[in-house]
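Okay, structure first, notes after.
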Amino acid sequence: MKKISQIAGFVRYDMWRRTTTEIDTWYKRLGYMVMRTIALVVRGFTSKNLNDQAKALTYSLIFAVVPILAMIFAVAKGFGVDDVIEQQLNASFLGETNMVPTIMTMVDRYLETAQGGLFIGIGILILLWAIYSFFQSVETAFNRIWNVKKSRSILRQVTTYIAIVVLMPVVIVCSAGLNIFVHSAVENVVHAHVLHEFLHANGVKFLQFLMCWLLFTIMYVAIPNTKVRFMPALIPGVLMGTLFQLLQMLSVYLIALLSRTSIVYGAFASIPILMTWLQWTSLLILIGAEMSYAIQNNEEFEYEKDLNEMSRRYKDFIMLYLLSIIIKRFENNEAPLTAHELAIRDHLPIRVVNQLLGRMVETGVVREVYVEGEEEKTFQPALDTHKISIGMVIDRIDAQGAEEFLASPTPEMQAFWERYIKVKKNHTTLNEILITDI
């Protein structure tokens, strides 16, 4: 029990009390990052209700799958590659469910409805609205995971979603072309029958995995309305893309297993598996997005519990210390530092550094400077350094925010406020001023 308690204490508290720069070896840093990422994903899974979000996405996907496929086939027919798209559908998990003919019939009817709407273009508008609603729900779920409060503008949403749907046939055709290339390359190079079959089967499977990794990575970079770095998107893209392929293989196996029971359930035998597959796919996508967020923001959660309990005095101390470094580098004509560089310099948590720098920028003590050729902003004094005193900085921080917003303060309260402001202004120290004196 003591050992279990120590492990629980490490995971909940001690693991977060070391900054990345304090860890001396790369494998320890990697171990800490993996453990923190797992902890953050588990926390996000419960606190952000990813399972419920996955269920909502599943229903959105069910209603949007026919309009999306209709748009893909409309684009594919324009390029004359609609047969390739249908072949790829038959080779996928949907082909194993024997639902592709039904889906194709629905797609054809949908396109006919879109072309022959009651008013000119109304069918196309309905199709585009169905696609837009689905992608908007996906973006909303991703933004919630990334704590992004603002979505893209409607114009950017429409152009981005249409671009994704238009690019889908291109990706599918490229995948089919790569399969043909691998098959022909194996045919030309290898002649031994056993080796030929092995290389062909595994080459095609690898390309399927590769396309999944690429699609998941692009999704994690493009969908959230924030800047996502490549590596935090690639790692969950590869992991979730692999799990997606394994889930597809498992679903195919279950359908083959349940084919014996089709006498009882008939055509409905594959529907529960299809619904489960869609829900697990949605869940994998959201877990991957949470993992991407956890990897990119790993450092933001260092000293998390300590920061929530930090005293006002200690915050002021760190703020003034950061300001002293900024002033000293400015007076010595040294290059200004970014928030990340300031955090690394003294093993400070990046979250508190960002908070305090943001507060000093808002109060006009520090200003942001963008260095040419660099994406991250640096920080320099916004005032004459010989006029920046501790008292001035603390007074500006104290006065930050709204004041005197009460609609009807009592005369006694208003008089106390005015005397308090006057006393603070006329005294360098408040230690000798009693509350009763005010």
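Chain labels A, B, ... are given in the sequence in which chains occur in the structure tokens; within each chain residues are numbered consecutively from 1, and ligands are likewise numbered from 1 in the order shown.
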
DSSP on the backbone, helix (DSSP H, G or I) only: what residues of range 228-412 of chain A does that give? Format it as JSON, numbers by chain. {"A": [230, 231, 232, 233, 234, 235, 236, 237, 238, 239, 240, 241, 242, 243, 244, 245, 246, 247, 248, 249, 250, 251, 252, 253, 254, 255, 256, 257, 258, 259, 260, 261, 262, 263, 264, 265, 266, 267, 268, 269, 270, 271, 272, 273, 274, 275, 276, 277, 278, 279, 280, 281, 282, 283, 284, 285, 286, 287, 288, 289, 290, 291, 292, 293, 294, 295, 296, 298, 299, 300, 301, 304, 305, 306, 307, 308, 312, 313, 314, 315, 316, 317, 318, 319, 320, 321, 322, 323, 324, 325, 326, 327, 328, 329, 330, 331, 339, 340, 341, 342, 343, 344, 345, 350, 351, 352, 353, 354, 355, 356, 357, 358, 359, 360, 361, 362, 385, 386, 387, 390, 391, 392, 393, 394, 395, 396, 397, 398, 399, 411, 412]}

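Near range 307-309 of chain A, within 9 Å and counting only C-alpha atoms, sit Glu302, Tyr303, Glu304, Lys305, Ser311, Pro349, Arg351 and Val352 of chain A, not including residues fewer than 2 positions from it in the same chain.
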
Keeping only N, CA and C atoms, write the selected residues as a compact mmCIF listing (two decimals), in the first residue's frame.
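Output contents, as saved in part_37.txt:
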# COMPACT_ATOMS: atom_id res chain seq x y z
N GLU A 302 3.44 21.94 -16.02
CA GLU A 302 4.48 21.81 -14.99
C GLU A 302 4.14 22.68 -13.78
N TYR A 303 4.32 22.13 -12.59
CA TYR A 303 4.02 22.82 -11.33
C TYR A 303 2.56 23.30 -11.28
N GLU A 304 1.67 22.54 -11.92
CA GLU A 304 0.28 22.99 -12.04
C GLU A 304 -0.38 23.24 -10.68
N LYS A 305 -0.27 22.27 -9.78
CA LYS A 305 -0.90 22.41 -8.46
C LYS A 305 -0.24 23.52 -7.66
N SER A 311 1.35 32.20 -3.78
CA SER A 311 1.00 33.44 -3.08
C SER A 311 1.17 34.65 -4.00
N PRO A 349 8.37 27.42 -14.80
CA PRO A 349 7.24 26.87 -15.56
C PRO A 349 6.80 27.86 -16.64
N ARG A 351 4.04 28.24 -18.09
CA ARG A 351 2.71 28.82 -17.89
C ARG A 351 2.78 30.11 -17.08
N VAL A 352 3.51 30.09 -15.96
CA VAL A 352 3.58 31.29 -15.13
C VAL A 352 4.36 32.40 -15.83

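Considering only C-alpha atoms, the residue among A:Leu125, A:Val423, A:Ile4, A:Val252 positioned nearest to Val158 in chain A is A:Leu125.
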
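If you look at CA of Glu334 in chain A and CA of Val369 in chain A, they are 13.7 Å away from each other.
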
Quick one: everything within 9 Å of Tyr161 in chain A, counting only C-alpha atoms, minus sequence neighbours fewer than 2 positions away in the same chain. Send it as an mmCIF file with C-alpha atoms, in the first residue's frame.
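That gives us part12.cif:
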data_model
loop_
_atom_site.group_PDB
_atom_site.id
_atom_site.type_symbol
_atom_site.label_atom_id
_atom_site.label_comp_id
_atom_site.auth_asym_id
_atom_site.auth_seq_id
_atom_site.Cartn_x
_atom_site.Cartn_y
_atom_site.Cartn_z
ATOM 1 C CA ILE A 131 -21.201 18.627 -45.471
ATOM 2 C CA TYR A 132 -20.636 21.976 -43.744
ATOM 3 C CA PHE A 135 -17.189 19.391 -40.577
ATOM 4 C CA GLN A 136 -18.273 22.220 -38.290
ATOM 5 C CA ARG A 156 -12.695 30.186 -44.118
ATOM 6 C CA GLN A 157 -14.789 27.248 -42.897
ATOM 7 C CA VAL A 158 -16.581 26.846 -46.230
ATOM 8 C CA THR A 159 -13.401 27.104 -48.313
ATOM 9 C CA ALA A 163 -11.038 21.909 -50.263
ATOM 10 C CA ILE A 164 -10.899 18.810 -48.033
ATOM 11 C CA VAL A 165 -13.763 17.132 -49.911
ATOM 12 C CA VAL A 166 -12.261 18.018 -53.301
#

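Nearest to Ala70 in chain A of all the residues A:Thr276, A:Thr105, A:Asn354, A:Asn49 is A:Thr105, based on only C-alpha atoms.
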
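When CA of Arg17 in chain A is paired with CA of Phe301 in chain A, their separation reads 9.4 Å.
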
Exercise: Ile223 in chain A partners within 12 Å, only C-alpha atoms, chain neighbours under 5 positions left out, as a VMD selection string: chain A and resid 135 to 146 148 151 to 152 156 to 157 160 to 161 164 215 to 218 228 233 285 to 286 289

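CA of Ala415 in chain A lies 13.2 Å from CA of Thr436 in chain A.
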